[in-house]
>>> print(open('model_7.txt').read())   # compact mmCIF, C-alpha atoms
# COMPACT_ATOMS: atom_id res chain seq x y z
CA MET S 1 -10.05 -2.88 8.41
CA ARG S 2 -10.17 -1.30 4.99
CA LEU S 3 -11.80 1.87 3.70
CA GLN S 4 -12.89 1.43 0.06
CA ILE S 5 -13.16 4.79 -1.68
CA THR S 6 -14.86 5.57 -4.99
CA LEU S 7 -13.77 8.76 -6.77
CA THR S 8 -15.52 10.71 -9.52
CA PRO S 9 -13.97 10.86 -13.03
CA ASN S 10 -11.01 13.18 -13.42
CA ARG S 11 -11.18 16.42 -15.43
CA GLU S 12 -7.38 16.82 -15.70
CA ILE S 13 -4.74 14.27 -16.69
CA ILE S 14 -3.31 12.55 -13.62
CA PRO S 15 0.48 12.10 -13.62
CA PHE S 16 1.82 8.56 -13.29
CA ASN S 17 3.71 9.52 -10.14
CA HIS S 18 0.72 10.74 -8.14
CA LEU S 19 1.60 9.18 -4.78
CA PRO S 20 2.47 12.45 -3.00
CA VAL S 21 -1.00 13.80 -3.80
CA LEU S 22 -2.71 10.67 -2.43
CA ALA S 23 -0.56 10.76 0.72
CA GLY S 24 -1.35 14.45 1.11
CA ALA S 25 -5.10 13.87 0.74
CA LEU S 26 -5.03 11.11 3.36
CA HIS S 27 -3.17 13.23 5.91
CA LYS S 28 -5.46 16.18 5.15
CA TRP S 29 -8.38 13.99 6.17
CA LEU S 30 -6.59 12.67 9.27
CA GLY S 31 -5.78 16.17 10.47
CA PRO S 32 -2.79 16.81 12.79
CA ASN S 33 -1.21 13.41 13.50
CA THR S 34 2.04 11.53 14.07
CA TYR S 35 1.27 8.59 11.78
CA HIS S 36 3.63 9.77 9.05
CA GLY S 37 6.67 9.72 11.32
CA GLU S 38 6.00 6.34 12.94
CA ILE S 39 6.37 2.78 11.72
CA SER S 40 3.51 2.58 9.25
CA LEU S 41 0.82 0.18 10.42
CA TYR S 42 -1.33 1.24 7.50
CA SER S 43 -1.19 1.13 3.71
CA PHE S 44 -2.99 2.52 0.70
CA SER S 45 -3.30 1.50 -2.92
CA TRP S 46 -2.67 3.44 -6.08
CA LEU S 47 -5.70 4.67 -8.00
CA GLN S 48 -7.34 1.74 -9.77
CA GLY S 49 -9.43 1.54 -12.93
CA GLY S 50 -7.53 4.03 -15.07
CA LYS S 51 -6.36 4.10 -18.66
CA GLY S 52 -2.99 5.32 -19.84
CA THR S 53 -2.93 8.37 -22.07
CA LYS S 54 -0.32 10.84 -23.26
CA GLY S 55 1.34 12.27 -20.18
CA GLY S 56 -0.52 10.30 -17.53
CA LEU S 57 -3.77 8.57 -16.60
CA ARG S 58 -7.47 9.18 -17.05
CA PHE S 59 -10.41 7.64 -15.21
CA PRO S 60 -13.49 8.15 -17.40
CA ASN S 61 -15.59 5.94 -15.10
CA GLY S 62 -14.09 7.18 -11.86
CA ALA S 63 -11.43 5.53 -9.74
CA ARG S 64 -11.22 3.05 -6.89
CA TRP S 65 -8.81 3.61 -4.04
CA PHE S 66 -8.43 1.90 -0.67
CA VAL S 67 -6.84 2.74 2.64
CA SER S 68 -6.22 0.03 5.26
CA ALA S 69 -5.18 0.51 8.87
CA LEU S 70 -4.74 -1.56 11.99
CA ASP S 71 -6.11 1.29 14.11
CA ASP S 72 -9.88 1.69 13.69
CA ASP S 73 -9.60 5.32 14.79
CA PHE S 74 -7.36 5.96 11.78
CA LEU S 75 -10.18 5.02 9.42
CA MET S 76 -12.86 6.82 11.45
CA ARG S 77 -10.82 10.03 11.33
CA SER S 78 -10.34 9.51 7.59
CA ILE S 79 -14.10 9.24 7.04
CA LYS S 80 -14.73 12.36 9.10
CA GLY S 81 -12.12 14.21 7.05
CA ILE S 82 -13.65 13.01 3.78
CA LEU S 83 -17.05 14.33 4.81
CA GLY S 84 -15.53 17.76 5.43
CA LYS S 85 -13.13 17.92 2.46
CA PRO S 86 -14.04 15.34 -0.21
CA ASP S 87 -11.95 16.90 -2.99
CA ILE S 88 -8.67 15.25 -4.03
CA ARG S 89 -7.20 16.97 -7.12
CA TRP S 90 -7.54 16.84 -10.90
CA GLY S 91 -11.25 17.58 -10.54
CA MET S 92 -11.81 14.35 -8.56
CA ARG S 93 -13.73 14.05 -5.33
CA VAL S 94 -14.89 11.23 -3.11
CA GLU S 95 -18.25 9.90 -4.28
CA ARG S 96 -18.55 7.03 -1.80
CA ALA S 97 -16.57 5.52 1.09
CA GLU S 98 -17.37 2.27 2.84
CA ILE S 99 -15.70 0.07 5.43
CA LEU S 100 -14.85 -3.45 4.25
CA PRO S 101 -14.47 -6.34 6.70
CA ASN S 102 -11.36 -8.52 6.76
CA PRO S 103 -11.42 -11.43 4.28
CA PRO S 104 -12.40 -14.84 5.73
CA PHE S 105 -8.90 -16.27 6.08
CA LYS S 106 -8.40 -19.79 7.39
CA GLU S 107 -7.04 -20.35 10.89
CA LYS S 108 -3.64 -21.02 9.35
CA GLY S 109 -2.45 -21.27 5.78
CA VAL S 110 -0.84 -19.72 2.72
CA VAL S 111 -2.54 -16.89 0.83
CA ARG S 112 -1.51 -15.39 -2.50
CA PHE S 113 -1.93 -11.63 -2.53
CA ILE S 114 -1.89 -9.28 -5.53
CA ALA S 115 0.15 -6.09 -5.21
CA ALA S 116 -2.20 -3.09 -5.31
CA SER S 117 0.88 -0.85 -5.37
CA PRO S 118 4.51 -1.75 -6.08
CA ILE S 119 6.46 -3.48 -3.31
CA PHE S 120 9.53 -1.54 -2.21
CA ILE S 121 12.42 -3.13 -0.30
CA LYS S 122 15.50 -1.18 0.71
CA ARG S 123 18.38 -1.68 3.10
CA LYS S 124 21.20 0.64 4.06
CA LEU S 125 24.46 -1.21 3.37
CA SER S 126 26.71 1.61 4.55
CA PRO S 127 26.41 5.32 5.39
CA ASP S 128 26.78 6.07 1.67
CA GLU S 129 25.04 3.11 0.04
CA THR S 130 21.40 2.01 0.03
CA LYS S 131 20.29 -0.99 -2.02
CA HIS S 132 16.83 -1.52 -3.48
CA TYR S 133 15.91 -5.22 -3.70
CA LEU S 134 13.63 -6.64 -6.39
CA TYR S 135 11.58 -9.81 -6.75
CA THR S 136 14.45 -11.23 -8.80
CA ASP S 137 16.86 -10.97 -5.86
CA PRO S 138 17.06 -14.18 -3.79
CA GLU S 139 17.35 -12.15 -0.55
CA SER S 140 14.07 -10.31 -1.08
CA ASP S 141 11.84 -13.00 0.46
CA ALA S 142 13.80 -12.98 3.72
CA LEU S 143 13.78 -9.17 3.80
CA LEU S 144 10.01 -9.01 3.30
CA THR S 145 9.55 -11.59 6.05
CA GLU S 146 11.87 -9.63 8.35
CA ASN S 147 9.94 -6.42 7.74
CA LEU S 148 6.58 -8.08 8.40
CA GLN S 149 7.89 -9.67 11.60
CA MET S 150 9.15 -6.32 12.82
CA LYS S 151 5.74 -4.71 12.26
CA LEU S 152 3.96 -7.59 13.98
CA ARG S 153 6.15 -7.13 17.05
CA GLU S 154 5.56 -3.37 16.93
CA ALA S 155 1.82 -4.09 17.07
CA GLY S 156 2.26 -6.50 19.95
CA LEU S 157 1.44 -9.58 17.87
CA SER S 158 3.29 -12.87 17.44
CA ASP S 159 5.74 -13.11 14.55
CA GLU S 160 6.28 -16.84 14.98
CA GLY S 161 5.81 -18.96 11.85
CA VAL S 162 5.10 -16.12 9.42
CA SER S 163 6.89 -15.98 6.06
CA VAL S 164 6.65 -14.11 2.75
CA ARG S 165 7.84 -14.99 -0.75
CA PHE S 166 7.33 -13.58 -4.21
CA ASP S 167 5.39 -15.57 -6.80
CA ARG S 168 8.25 -15.70 -9.29
CA GLU S 169 6.27 -17.92 -11.65
CA TYR S 170 3.86 -15.08 -12.36
CA PRO S 171 4.50 -14.29 -16.06
CA ARG S 172 3.65 -10.58 -15.81
CA ALA S 173 5.90 -9.75 -12.87
CA LYS S 174 7.89 -6.58 -13.51
CA THR S 175 9.98 -3.91 -11.90
CA GLN S 176 9.10 -0.25 -11.87
CA LEU S 177 10.97 2.94 -11.09
CA VAL S 178 8.81 5.20 -8.92
CA THR S 179 9.94 8.74 -8.19
CA TYR S 180 8.64 10.13 -4.92
CA ARG S 181 9.43 13.78 -4.19
CA GLY S 182 12.51 13.63 -6.38
CA ILE S 183 13.84 10.32 -5.03
CA ASP S 184 13.96 7.28 -7.35
CA ASN S 185 12.76 3.98 -5.90
CA ARG S 186 13.10 0.72 -7.80
CA CYS S 187 10.16 -1.53 -6.89
CA SER S 188 8.48 -4.83 -7.82
CA PHE S 189 5.00 -5.43 -9.20
CA CYS S 190 4.67 -9.12 -8.37
CA PRO S 191 2.18 -11.21 -6.34
CA VAL S 192 3.34 -12.62 -3.02
CA PHE S 193 2.58 -15.68 -0.92
CA VAL S 194 2.18 -15.07 2.81
CA GLU S 195 2.12 -18.01 5.21
CA GLY S 196 0.90 -17.59 8.75
CA SER S 197 -1.98 -17.59 11.17
CA ARG S 198 -5.30 -15.88 10.48
CA GLU S 199 -4.18 -12.95 12.62
CA GLN S 200 -0.91 -12.63 10.69
CA LEU S 201 -2.65 -12.88 7.30
CA GLU S 202 -5.16 -10.19 8.29
CA PHE S 203 -2.26 -8.05 9.48
CA ALA S 204 -0.38 -8.37 6.16
CA TRP S 205 -3.58 -7.61 4.18
CA THR S 206 -4.01 -4.48 6.29
CA VAL S 207 -0.55 -2.96 6.72
CA GLY S 208 1.02 -4.14 3.46
CA LEU S 209 4.53 -5.42 2.84
CA GLY S 210 7.98 -3.93 2.49
CA ASN S 211 9.17 -0.40 3.10
CA SER S 212 7.26 2.88 2.85
CA THR S 213 3.72 1.49 3.01
CA GLY S 214 2.73 4.81 4.59
CA ILE S 215 3.41 6.67 1.34
CA GLY S 216 1.75 4.23 -1.04
CA PHE S 217 4.01 1.21 -1.50
CA GLY S 218 3.29 -2.46 -0.77
CA ALA S 219 -0.50 -2.42 -0.45
CA LEU S 220 -2.15 -5.83 -0.97
CA ASN S 221 -5.37 -7.12 -2.49
>>> encode(input="model_7.txt", output="structure tokens")
Amino acid sequence: MRLQITLTPNREIIPFNHLPVLAGALHKWLGPNTYHGEISLYSFSWLQGGKGTKGGLRFPNGARWFVSALDDDFLMRSIKGILGKPDIRWGMRVERAEILPNPPFKEKGVVRFIAASPIFIKRKLSPDETKHYLYTDPESDALLTENLQMKLREAGLSDEGVSVRFDREYPRAKTQLVTYRGIDNRCSFCPVFVEGSREQLEFAWTVGLGNSTGIGFGALN
């Protein structure tokens, strides 16, 4: 399930690297929880509908933001938290929040998803070396598939037959360096194709792809 959130226009410039604030707002609404320390079976987008300006972003017509989670209670707790504390930061507050149903996927097939936040893939190669993989790396498809399979098994679902690959023919694909709490993460803004059953496609649409979906990477539209 997905919670679609509409925010009021901002009164202060929003920095480009605003993920920690969004993650903080979400966990404020959830209240005391263990979601942040577990394998993330949820994802959330970056703020959508903004315009770049000197030093950051502005949203003169408000912003759209979504949070998706496999656990319905996650979203219900989020809504309850929003009702009590609707303010985010930068003079923005939640104006409206509504639950969206899963898209009508076919019983089995291939779906092209748009990245609603950059897709982050990392692997520890040694105790002292961690590599960040991009859509240009041939290994990245297998790593995305491996990550999705692991999350499916964690949720008690079948991982048989599922696969992920970047749409490398997309002309506007790009990489982006995202700094999160002082740590640089090299990510990919590129659509992906996911092949699988309806259950697996719904799962990918909900939990996102790649690493660190719980802090704002890999959300899908």
>>> closest_residue(input="model_7.txt", among="S:Leu7, S:Leu209, S:Ala115, S:Leu22", to="Arg64 in chain S", atoms="only C-alpha atoms")
S:Leu7
>>> closest_residue(input="model_7.txt", among="S:Pro9, S:Gly84, S:Ser45, S:Pro104", to="Gly62 in chain S", atoms="only C-alpha atoms")
S:Pro9
>>> residues_around(input="model_7.txt", residues="Arg96 in chain S", least_positions_apart="5", cutoff="10 Å", atoms="only C-alpha atoms", output="compact mmCIF listing (two decimals) with C-alpha atoms, in the coordinates of the input")
# COMPACT_ATOMS: atom_id res chain seq x y z
CA GLN S 4 -12.89 1.43 0.06
CA ILE S 5 -13.16 4.79 -1.68
CA THR S 6 -14.86 5.57 -4.99
CA LEU S 7 -13.77 8.76 -6.77
CA THR S 8 -15.52 10.71 -9.52
CA ARG S 64 -11.22 3.05 -6.89
CA ILE S 82 -13.65 13.01 3.78
CA LEU S 83 -17.05 14.33 4.81
CA PRO S 86 -14.04 15.34 -0.21
>>> closest_residue(input="model_7.txt", among="S:Trp205, S:Tyr180, S:Phe193, S:Phe44", to="Val164 in chain S", atoms="only C-alpha atoms")
S:Phe193
>>> closest_residue(input="model_7.txt", among="S:Val207, S:Val111, S:Leu19, S:Ala25", to="Ser40 in chain S", atoms="only C-alpha atoms")
S:Val207
>>> atom_distance(input="model_7.txt", atom1="CA of Asn61 in chain S", atom2="CA of Pro15 in chain S")
17.3 Å
>>> residues_around(input="model_7.txt", residues="Gly31 in chain S", least_positions_apart="5", cutoff="9 Å", atoms="only C-alpha atoms", output="ChimeraX atom specification")
/S:26,77-78,81
>>> atom_distance(input="model_7.txt", atom1="CA of Asp141 in chain S", atom2="CA of Phe166 in chain S")
6.5 Å
>>> atom_distance(input="model_7.txt", atom1="CA of Ile183 in chain S", atom2="CA of Ser140 in chain S")
21.0 Å
>>> residues_around(input="model_7.txt", residues="Trp46 in chain S", least_positions_apart="4", cutoff="9 Å", atoms="all atoms listed in the file", output="number ranges by chain")
S: 18-19, 22, 64-66, 116-118, 216-217, 219
>>> residues_near_point(input="model_7.txt", point="(-9.8, 1.1, -10.0)", cutoff="7 Å", atoms="only C-alpha atoms", output="ChimeraX atom specification")
/S:47-50,63-65
>>> closest_residue(input="model_7.txt", among="S:Ala69, S:Leu134, S:Ile13, S:Ala23", to="Gly55 in chain S", atoms="all atoms listed in the file")
S:Ile13
>>> closest_residue(input="model_7.txt", among="S:Met150, S:Ile14, S:Ala142, S:Leu157", to="Glu199 in chain S", atoms="only C-alpha atoms")
S:Leu157
>>> residues_around(input="model_7.txt", residues="Leu70 in chain S", least_positions_apart="3", cutoff="12 Å", atoms="all atoms listed in the file", output="PyMOL selection string")
chain S and resi 1-3+35+39-43+67+73-76+102+151-152+154-157+199-200+202-208
>>> residues_around(input="model_7.txt", residues="Thr136 in chain S", least_positions_apart="3", cutoff="12 Å", atoms="all atoms listed in the file", output="VMD selection string")
chain S and resid 121 132 to 133 139 to 141 165 to 170 173 to 175 187 to 190
>>> residues_near_point(input="model_7.txt", point="(-12.7, 17.5, -8.4)", cutoff="9 Å", atoms="only C-alpha atoms", output="PyMOL selection string")
chain S and resi 7-11+86-94
